[in-house]
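As stored in query.txt (compact mmCIF, C-alpha atoms and all ligand atoms):
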# COMPACT_ATOMS: atom_id res chain seq x y z
CA MET A 1 45.46 -53.16 -42.79
CA ASP A 2 47.55 -52.13 -39.79
CA ILE A 3 45.21 -52.28 -36.81
CA ASN A 4 46.51 -48.94 -35.54
CA ASN A 5 45.21 -47.27 -38.70
CA ILE A 6 41.63 -48.38 -38.04
CA PRO A 7 39.68 -45.33 -36.82
CA VAL A 8 38.33 -45.31 -33.27
CA ILE A 9 35.82 -42.83 -31.88
CA ALA A 10 36.14 -43.03 -28.09
CA ILE A 11 33.39 -41.52 -25.94
CA ASP A 12 33.77 -41.27 -22.17
CA GLY A 13 31.43 -39.79 -19.63
CA PRO A 14 29.52 -40.35 -16.40
CA SER A 15 26.57 -42.68 -16.03
CA ALA A 16 23.33 -41.68 -17.76
CA SER A 17 25.09 -39.03 -19.84
CA GLY A 18 23.52 -40.56 -22.96
CA LYS A 19 26.88 -41.79 -24.25
CA GLY A 20 25.59 -45.32 -24.97
CA THR A 21 22.70 -44.14 -27.15
CA VAL A 22 24.88 -41.57 -28.88
CA ALA A 23 27.75 -44.01 -29.49
CA GLN A 24 25.39 -46.60 -30.93
CA LEU A 25 23.77 -44.09 -33.31
CA VAL A 26 27.17 -42.78 -34.44
CA SER A 27 28.34 -46.34 -35.11
CA GLU A 28 25.18 -47.16 -37.08
CA SER A 29 25.50 -44.00 -39.13
CA LEU A 30 29.13 -44.75 -40.06
CA GLY A 31 28.72 -48.53 -40.37
CA PHE A 32 31.37 -48.95 -37.64
CA HIS A 33 31.56 -51.64 -34.96
CA TYR A 34 30.31 -50.72 -31.50
CA LEU A 35 31.63 -51.56 -28.04
CA ASP A 36 29.69 -50.68 -24.90
CA SER A 37 32.57 -51.27 -22.47
CA GLY A 38 30.31 -50.81 -19.43
CA SER A 39 28.45 -53.98 -20.43
CA LEU A 40 31.61 -56.02 -19.67
CA TYR A 41 31.75 -54.65 -16.11
CA ARG A 42 28.01 -55.24 -15.78
CA LEU A 43 28.43 -58.86 -16.97
CA VAL A 44 31.16 -59.50 -14.41
CA ALA A 45 28.90 -58.04 -11.71
CA LEU A 46 25.97 -60.19 -12.88
CA LYS A 47 28.00 -63.39 -12.73
CA ALA A 48 29.55 -62.50 -9.38
CA ILE A 49 26.21 -61.64 -7.78
CA ARG A 50 24.62 -64.81 -9.15
CA ILE A 51 27.27 -67.12 -7.78
CA GLY A 52 27.56 -65.20 -4.53
CA ILE A 53 31.06 -63.79 -4.95
CA ASP A 54 32.03 -60.87 -2.77
CA LEU A 55 32.47 -57.77 -4.94
CA ASN A 56 35.71 -57.08 -3.04
CA ASP A 57 37.26 -60.43 -3.98
CA GLU A 58 39.63 -59.22 -6.71
CA GLU A 59 41.05 -62.64 -7.57
CA ALA A 60 37.63 -64.25 -8.05
CA LEU A 61 36.45 -61.27 -10.13
CA GLU A 62 39.57 -61.40 -12.29
CA ASN A 63 38.83 -65.06 -12.88
CA ILE A 64 35.25 -64.28 -13.97
CA ALA A 65 36.54 -61.58 -16.34
CA GLN A 66 39.11 -63.92 -17.89
CA ASN A 67 36.51 -66.61 -18.52
CA LEU A 68 33.54 -64.50 -19.56
CA ASP A 69 31.65 -66.49 -22.21
CA VAL A 70 30.02 -63.55 -23.97
CA THR A 71 28.90 -62.95 -27.54
CA PHE A 72 27.87 -59.55 -28.87
CA ALA A 73 25.61 -59.47 -31.93
CA GLY A 74 24.11 -56.08 -32.79
CA ARG A 75 22.14 -55.01 -29.74
CA LYS A 76 22.09 -58.55 -28.35
CA ILE A 77 24.43 -59.72 -25.60
CA GLN A 78 24.60 -63.42 -24.88
CA LEU A 79 26.17 -64.80 -21.73
CA GLY A 80 26.56 -68.51 -22.40
CA VAL A 81 23.18 -69.31 -23.96
CA GLU A 82 21.26 -66.60 -22.09
CA GLU A 83 20.23 -63.27 -23.65
CA VAL A 84 21.13 -60.63 -21.02
CA ALA A 85 21.19 -57.25 -22.81
CA ASP A 86 18.11 -55.97 -20.94
CA LEU A 87 18.88 -57.71 -17.66
CA ILE A 88 22.30 -56.07 -17.20
CA ARG A 89 20.78 -52.59 -17.60
CA GLN A 90 19.13 -52.97 -14.17
CA GLU A 91 20.43 -50.63 -11.47
CA ILE A 92 21.68 -53.50 -9.30
CA TYR A 93 24.17 -54.51 -12.02
CA GLY A 94 25.13 -50.91 -12.81
CA ASN A 95 26.01 -50.32 -9.17
CA GLY A 96 27.72 -53.72 -8.98
CA ALA A 97 29.71 -52.85 -12.12
CA SER A 98 30.84 -49.58 -10.58
CA LYS A 99 32.09 -51.53 -7.53
CA VAL A 100 33.94 -54.29 -9.40
CA ALA A 101 35.45 -51.71 -11.78
CA GLY A 102 37.71 -50.44 -8.99
CA HIS A 103 39.88 -53.58 -9.11
CA PRO A 104 43.00 -53.16 -11.29
CA ARG A 105 43.42 -56.88 -12.06
CA LEU A 106 39.85 -57.16 -13.29
CA ARG A 107 40.34 -54.11 -15.53
CA GLU A 108 43.56 -55.58 -16.90
CA ALA A 109 41.76 -58.86 -17.65
CA LEU A 110 39.24 -57.00 -19.82
CA LEU A 111 41.76 -54.97 -21.85
CA ASP A 112 42.48 -57.34 -24.76
CA ARG A 113 38.83 -58.23 -25.09
CA GLN A 114 38.00 -54.54 -25.54
CA ARG A 115 40.86 -53.87 -27.98
CA ALA A 116 39.75 -56.82 -30.13
CA PHE A 117 36.70 -54.75 -31.16
CA ARG A 118 38.98 -52.49 -33.23
CA LYS A 119 38.17 -53.91 -36.64
CA ASP A 120 37.77 -52.57 -40.13
CA PRO A 121 36.10 -50.19 -41.06
CA GLY A 122 36.19 -48.64 -37.57
CA LEU A 123 34.97 -48.66 -33.99
CA VAL A 124 32.80 -46.44 -31.83
CA THR A 125 33.11 -47.18 -28.14
CA ASP A 126 31.90 -45.70 -24.87
CA GLY A 127 32.91 -46.00 -21.23
CA ARG A 128 35.03 -44.27 -18.62
CA ASP A 129 38.61 -44.96 -19.74
CA MET A 130 38.27 -45.44 -23.49
CA CYS A 131 40.23 -42.24 -24.23
CA SER A 132 42.81 -42.59 -21.47
CA VAL A 133 43.62 -46.32 -21.19
CA VAL A 134 41.97 -48.62 -23.69
CA PHE A 135 42.35 -46.56 -26.89
CA PRO A 136 44.81 -43.76 -26.06
CA ASP A 137 45.49 -43.41 -29.81
CA ALA A 138 41.79 -43.02 -30.74
CA THR A 139 41.20 -40.82 -33.78
CA LEU A 140 38.49 -38.81 -32.07
CA LYS A 141 38.01 -38.48 -28.31
CA ILE A 142 34.84 -37.11 -26.76
CA PHE A 143 33.89 -36.41 -23.14
CA LEU A 144 30.11 -36.34 -22.85
CA THR A 145 28.37 -35.08 -19.77
CA ALA A 146 25.29 -33.31 -18.38
CA THR A 147 24.24 -32.11 -14.94
CA PRO A 148 23.40 -34.91 -12.45
CA GLU A 149 19.80 -33.60 -12.27
CA ILE A 150 19.20 -33.86 -16.01
CA ARG A 151 20.86 -37.29 -16.12
CA ALA A 152 18.58 -38.46 -13.28
CA LYS A 153 15.56 -37.13 -15.18
CA ARG A 154 16.57 -38.96 -18.36
CA ARG A 155 17.19 -42.22 -16.52
CA TYR A 156 13.85 -41.81 -14.68
CA LYS A 157 12.00 -41.48 -18.01
CA GLN A 158 13.80 -44.53 -19.43
CA LEU A 159 12.94 -46.70 -16.43
CA MET A 160 9.31 -45.50 -16.33
CA LYS A 161 8.98 -46.48 -20.00
CA LYS A 162 10.18 -49.97 -19.11
CA GLY A 163 7.52 -50.11 -16.39
CA GLU A 164 10.05 -50.13 -13.53
CA GLY A 165 8.71 -48.44 -10.38
CA VAL A 166 11.36 -45.84 -9.55
CA ASN A 167 11.85 -42.72 -7.49
CA ILE A 168 13.72 -39.79 -9.05
CA ALA A 169 15.38 -38.78 -5.77
CA THR A 170 16.81 -42.29 -5.38
CA ILE A 171 18.06 -42.25 -8.97
CA LEU A 172 19.81 -38.91 -8.38
CA GLU A 173 21.44 -40.30 -5.22
CA ASP A 174 22.61 -43.39 -7.15
CA ILE A 175 24.02 -41.28 -9.98
CA GLU A 176 25.91 -39.04 -7.58
CA ALA A 177 27.29 -42.02 -5.65
CA ARG A 178 28.35 -43.73 -8.90
CA ASP A 179 29.98 -40.51 -10.23
CA LYS A 180 31.96 -40.27 -7.01
CA ARG A 181 33.04 -43.92 -6.97
CA ASP A 182 33.99 -43.89 -10.68
CA SER A 183 35.94 -40.62 -10.35
CA ILE A 184 37.93 -41.14 -7.16
CA ARG A 185 39.18 -44.69 -7.77
CA SER A 186 42.92 -44.95 -8.21
CA VAL A 187 42.86 -47.00 -11.41
CA ALA A 188 41.50 -45.53 -14.68
CA PRO A 189 39.21 -43.01 -12.99
CA LEU A 190 36.51 -41.19 -14.90
CA LYS A 191 37.94 -37.87 -15.99
CA GLN A 192 38.21 -35.89 -19.17
CA SER A 193 41.48 -36.58 -20.95
CA LYS A 194 43.32 -33.48 -22.16
CA ASP A 195 42.96 -34.31 -25.83
CA SER A 196 39.20 -35.00 -25.79
CA ILE A 197 36.42 -32.69 -26.90
CA PHE A 198 34.01 -31.70 -24.14
CA ILE A 199 30.29 -31.85 -24.96
CA ASP A 200 27.73 -30.80 -22.36
CA THR A 201 24.43 -32.40 -23.38
CA THR A 202 22.30 -30.69 -20.72
CA LEU A 203 20.63 -28.48 -23.33
CA LEU A 204 21.11 -30.72 -26.39
CA ASN A 205 18.99 -33.53 -27.78
CA ILE A 206 20.42 -36.83 -29.00
CA THR A 207 20.36 -35.89 -32.70
CA GLU A 208 22.27 -32.67 -31.99
CA VAL A 209 24.97 -34.57 -30.09
CA VAL A 210 25.24 -37.28 -32.76
CA ASN A 211 25.56 -34.66 -35.50
CA LYS A 212 28.27 -32.79 -33.59
CA ILE A 213 30.33 -35.99 -33.32
CA LEU A 214 29.76 -36.95 -36.96
CA LYS A 215 30.89 -33.47 -38.02
CA GLN A 216 34.09 -33.77 -35.97
CA HIS A 217 34.72 -37.23 -37.41
CA SER A 218 34.22 -36.05 -40.97
CA GLU A 219 36.60 -33.09 -40.44
CA ILE A 220 39.28 -35.46 -39.12
CA SER A 221 38.74 -37.97 -41.95
CA ASN A 222 38.96 -35.22 -44.60
CA LYS A 223 42.20 -33.94 -43.09
CA SER A 224 43.82 -37.36 -43.16
CA ILE A 225 43.00 -37.98 -46.84
O1 LIG B 1 28.55 -47.14 -18.67
P1 LIG B 1 27.82 -48.00 -17.64
O2 LIG B 1 26.89 -47.23 -16.76
O3 LIG B 1 27.13 -49.18 -18.26
O4 LIG B 1 28.99 -48.60 -16.71
C1 LIG B 1 28.73 -49.32 -15.54
C2 LIG B 1 29.90 -49.18 -14.58
O5 LIG B 1 31.04 -49.86 -15.14
C3 LIG B 1 30.35 -47.76 -14.31
O6 LIG B 1 29.71 -47.20 -13.19
C4 LIG B 1 31.84 -47.88 -14.11
C5 LIG B 1 32.22 -49.13 -14.86
N1 LIG B 1 32.94 -48.83 -16.10
C6 LIG B 1 34.28 -48.58 -16.02
O7 LIG B 1 34.84 -48.54 -14.92
N2 LIG B 1 35.02 -48.40 -17.15
C7 LIG B 1 34.42 -48.43 -18.35
N3 LIG B 1 35.16 -48.24 -19.45
C8 LIG B 1 33.04 -48.64 -18.46
C9 LIG B 1 32.31 -48.83 -17.31
Could I get this structure in the form of structure tokens?
Amino acid sequence: MDINNIPVIAIDGPSASGKGTVAQLVSESLGFHYLDSGSLYRLVALKAIRIGIDLNDEEALENIAQNLDVTFAGRKIQLGVEEVADLIRQEIYGNGASKVAGHPRLREALLDRQRAFRKDPGLVTDGRDMCSVVFPDATLKIFLTATPEIRAKRRYKQLMKKGEGVNIATILEDIEARDKRDSIRSVAPLKQSKDSIFIDTTLLNITEVVNKILKQHSEISNKSI
């Protein structure tokens, strides 16, 4: 099968918009592969922080990205022999990821790795530039967002559940800082691409969002038959 005929559902949006959970559920429902592109930036940040690399050192970060020894298996993410799926969700690596993500050479180094996830019978992926840069020919493009306040509330609940002591005001500050950094950078900034469908999840629950996307996907698939 020509790789360009393999369907891709690309979901972009700001941090804590729920895109990861939604993308994963959509992929499970369709039996598609799943790529959480943010995890790659988080992995680079984790490695850099561990070995004491300055997050402004583009060459060193590019090198980490090129040599990332990572294996994805379902919800598991293995870096070398270490299971890191939970570890990289910590705020320190999310903020680190947002910083390293501003370097064009590092982004370039991650491109082929991301595109390699496009495999039969299809891919659901989420990030910031899935619709604009990584999969500009995606079959369905979604921009998922919610107000910063509701995103902070959702992240607060998630972290409390995990037993992490957190303060909602600090989370809101972090989210706003990350939105700003991800949106104003010169390379692949977070923004809605013209051909993507806008979904505001402020007043929707996860099932409602998943169903909306599945409905759009099924309409597109029926048209192309
Ligand atoms: O989606 P996330 O919160 O796990 O992403 C962490 C950071 O990685 C995010 O703040 C910006 C960066 N990122 C990116 O620049 N491009 C992507 N496609 C995905 C994430």
>> Show me, as JSON, numbers by chain, the residues that have an atom within 9 Å of A:Val26 when counting only C-alpha atoms, minus same-chain residues fewer than 2 positions from it.
In response: {"A": [21, 22, 23, 24, 28, 29, 30, 31, 32, 124, 210, 211, 213, 214]}
To test the calculation: enclose all listed atoms of ligand LIG 1 (chain B) in a box whose edges run along x, y and z, add 8 Å on each side, then state centre and edge lengths in Å to one decimal, as lines of an AutoDock Vina configuration file.
center_x = 31.0
center_y = -48.5
center_z = -16.3
size_x = 24.3
size_y = 18.7
size_z = 22.3
>> How would you report the residues lying within 7 Å of ligand LIG 1 (chain B), as a VMD selection string, if you count all atoms listed in the file?
In response: chain A and resid 15 to 16 37 to 39 41 to 42 94 to 95 97 to 98 101 to 102 126 to 130 178 182
>> Nearest residue to A:Asn67 out of A:Gly18, A:Leu43, A:Phe135, A:Arg89, using only C-alpha atoms?
In response: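 Counting only C-alpha atoms, the residue closest to A:Asn67 is A:Leu43.
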Closest atom pairs, residues of stretch 39-155 of chain A within 10 Å of stretch 168-172 of chain A, all atoms listed in the file, as a tab-separated table:
residue	atom	partner	partner_atom	distance
A:Glu91	CA	A:Ile171	CA	9.1
A:Pro148	CA	A:Leu172	CA	6.7
A:Glu149	CA	A:Leu172	CA	6.6
A:Ile150	CA	A:Leu172	CA	9.2
A:Arg151	CA	A:Leu172	CA	8.0
A:Ala152	CA	A:Leu172	CA	5.1
A:Lys153	CA	A:Ile168	CA	6.9
A:Arg154	CA	A:Ile168	CA	9.8
A:Arg155	CA	A:Ile171	CA	7.6
> Pick from A:Arg107, A:Arg113, A:Phe143, A:Ile220: nearest to A:Val187, with all atoms listed in the file counted?
Replying inline: A:Arg107
>> So that I can see what lies close to A:Ser196, please list as JSON, numbers by chain the residues with an atom at most 8 Å from it, counting all atoms listed in the file and leaving out residues fewer than 5 positions away in the same chain.
In response: {"A": [131, 140, 141, 142, 143]}
> Rounded to one decimal in Å, what is the spacing between atom CA of A:Phe117 and atom CA of A:Lys47?
Replying inline: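 Atom-to-atom, atom CA of A:Phe117 and atom CA of A:Lys47 are spaced 22.1 Å apart.
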> Within 6 Å of (42.2, -59.9, -12.5), only C-alpha atoms: residues as a ChimeraX atom specification?
Replying inline: /A:59,62,105-106,109
> Using only C-alpha atoms, which of the listed residues (A:Asp174, A:Leu79, A:Ile53, A:Ile9) sits closest to A:Tyr156?
Replying inline: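 Once distances to A:Tyr156 are computed over only C-alpha atoms, the minimum belongs to A:Asp174.
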> If you count only C-alpha atoms, which residues fall within 6 Å of A:Thr125, apart from same-chain ones fewer than 6 positions away, as an NGL selection string?
Replying inline: :A and (10 or 34-36)
> Interatomic distance between atom CA of A:Leu61 and atom CA of A:His103?
Replying inline: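 Result for atom CA of A:Leu61 versus atom CA of A:His103: 8.5 Å, one decimal.
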>> Just checking: using all atoms listed in the file, which residue out of A:Leu68, A:Leu144, A:Val84, A:Val166 ends up closest to A:Val209?
In response: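 Closest to A:Val209 of all the choices is A:Leu144.
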> Do you have the atom CA of A:Ala65-atom CA of A:Asp137 distance handy?
Replying inline: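 Here the two named atoms are 24.3 Å from each other.
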>> Nearest residue to A:Asp2 out of A:Ser132, A:Met160, A:Lys119, A:Ser224, using only C-alpha atoms?
In response: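 For A:Asp2, the nearest of the candidates is A:Lys119.
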Answer as an mmCIF file with C-alpha atoms, in the frame of the given file, residues within 9 Å of (26.4, -69.9, -24.7) using all atoms listed in the file:
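point.cif, written as the output of this step:
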data_model
loop_
_atom_site.group_PDB
_atom_site.id
_atom_site.type_symbol
_atom_site.label_atom_id
_atom_site.label_comp_id
_atom_site.auth_asym_id
_atom_site.auth_seq_id
_atom_site.Cartn_x
_atom_site.Cartn_y
_atom_site.Cartn_z
ATOM 1 C CA ASP A 69 31.650 -66.490 -22.210
ATOM 2 C CA VAL A 70 30.020 -63.550 -23.970
ATOM 3 C CA THR A 71 28.900 -62.950 -27.540
ATOM 4 C CA GLN A 78 24.600 -63.420 -24.880
ATOM 5 C CA LEU A 79 26.170 -64.800 -21.730
ATOM 6 C CA GLY A 80 26.560 -68.510 -22.400
ATOM 7 C CA VAL A 81 23.180 -69.310 -23.960
ATOM 8 C CA GLU A 82 21.260 -66.600 -22.090
#
>> I'd like to know which of A:Ala45, A:Leu111, A:Val100, A:Leu25 is closest to A:Leu87, using only C-alpha atoms.
In response: A:Ala45
Can you save stretch 84-104 of chain A of the given block to a file, including N, CA, C and O atoms and formatted as a CSV table (one decimal), in the first residue's frame?
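So result_10.csv came out as:
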chain,number,residue,atom,x,y,z
A,84,VAL,N,9.7,4.8,31.1
A,84,VAL,CA,9.7,6.2,31.5
A,84,VAL,C,8.4,6.9,31.2
A,84,VAL,O,8.2,8.1,31.3
A,85,ALA,N,7.3,6.1,30.8
A,85,ALA,CA,6.1,6.7,30.4
A,85,ALA,C,5.5,7.7,31.5
A,85,ALA,O,5.0,8.8,31.2
A,86,ASP,N,5.5,7.2,32.7
A,86,ASP,CA,5.0,8.1,33.8
A,86,ASP,C,6.0,9.2,34.1
A,86,ASP,O,5.6,10.4,34.3
A,87,LEU,N,7.3,8.9,34.2
A,87,LEU,CA,8.3,9.9,34.5
A,87,LEU,C,8.2,11.1,33.6
A,87,LEU,O,8.2,12.3,34.1
A,88,ILE,N,8.1,10.9,32.3
A,88,ILE,CA,8.2,12.1,31.4
A,88,ILE,C,6.9,13.0,31.5
A,88,ILE,O,6.9,14.0,30.9
A,89,ARG,N,5.9,12.5,32.2
A,89,ARG,CA,4.7,13.3,32.3
A,89,ARG,C,4.9,14.4,33.3
A,89,ARG,O,4.1,15.4,33.4
A,90,GLN,N,6.0,14.3,34.1
A,90,GLN,CA,6.2,15.3,35.2
A,90,GLN,C,6.4,16.7,34.6
A,90,GLN,O,6.9,16.9,33.5
A,91,GLU,N,5.9,17.8,35.3
A,91,GLU,CA,6.0,19.1,34.8
A,91,GLU,C,7.4,19.6,34.4
A,91,GLU,O,7.5,20.3,33.4
A,92,ILE,N,8.4,19.1,35.1
A,92,ILE,CA,9.8,19.5,34.8
A,92,ILE,C,10.1,19.1,33.3
A,92,ILE,O,10.8,19.9,32.6
A,93,TYR,N,9.7,18.0,32.9
A,93,TYR,CA,10.0,17.5,31.5
A,93,TYR,C,9.1,18.1,30.5
A,93,TYR,O,9.5,18.3,29.4
A,94,GLY,N,7.8,18.5,30.9
A,94,GLY,CA,6.9,19.2,30.0
A,94,GLY,C,7.5,20.6,29.7
A,94,GLY,O,7.5,21.0,28.6
A,95,ASN,N,7.9,21.3,30.8
A,95,ASN,CA,8.5,22.6,30.6
A,95,ASN,C,9.8,22.5,29.8
A,95,ASN,O,10.1,23.3,28.9
A,96,GLY,N,10.6,21.5,30.1
A,96,GLY,CA,11.9,21.3,29.4
A,96,GLY,C,11.6,21.0,27.9
A,96,GLY,O,12.3,21.6,27.0
A,97,ALA,N,10.6,20.2,27.7
A,97,ALA,CA,10.2,19.9,26.3
A,97,ALA,C,9.8,21.1,25.5
A,97,ALA,O,10.2,21.3,24.4
A,98,SER,N,9.1,22.0,26.2
A,98,SER,CA,8.6,23.2,25.5
A,98,SER,C,9.8,24.1,25.2
A,98,SER,O,9.8,24.8,24.1
A,99,LYS,N,10.9,24.0,26.0
A,99,LYS,CA,12.1,24.8,25.7
A,99,LYS,C,12.9,24.2,24.6
A,99,LYS,O,13.3,24.9,23.6
A,100,VAL,N,13.1,22.9,24.6
A,100,VAL,CA,14.0,22.3,23.6
A,100,VAL,C,13.3,22.4,22.2
A,100,VAL,O,13.9,22.4,21.2
A,101,ALA,N,11.9,22.4,22.3
A,101,ALA,CA,11.1,22.3,21.0
A,101,ALA,C,11.3,23.6,20.2
A,101,ALA,O,10.8,23.6,19.0
A,102,GLY,N,11.9,24.6,20.7
A,102,GLY,CA,12.1,25.8,19.9
A,102,GLY,C,13.3,25.7,18.9
A,102,GLY,O,13.5,26.6,18.1
A,103,HIS,N,14.1,24.7,19.0
A,103,HIS,CA,15.3,24.5,18.2
A,103,HIS,C,15.0,23.8,16.9
A,103,HIS,O,14.6,22.6,16.9
A,104,PRO,N,15.1,24.5,15.7
A,104,PRO,CA,14.8,23.9,14.4
A,104,PRO,C,15.5,22.6,14.1
A,104,PRO,O,14.9,21.7,13.6
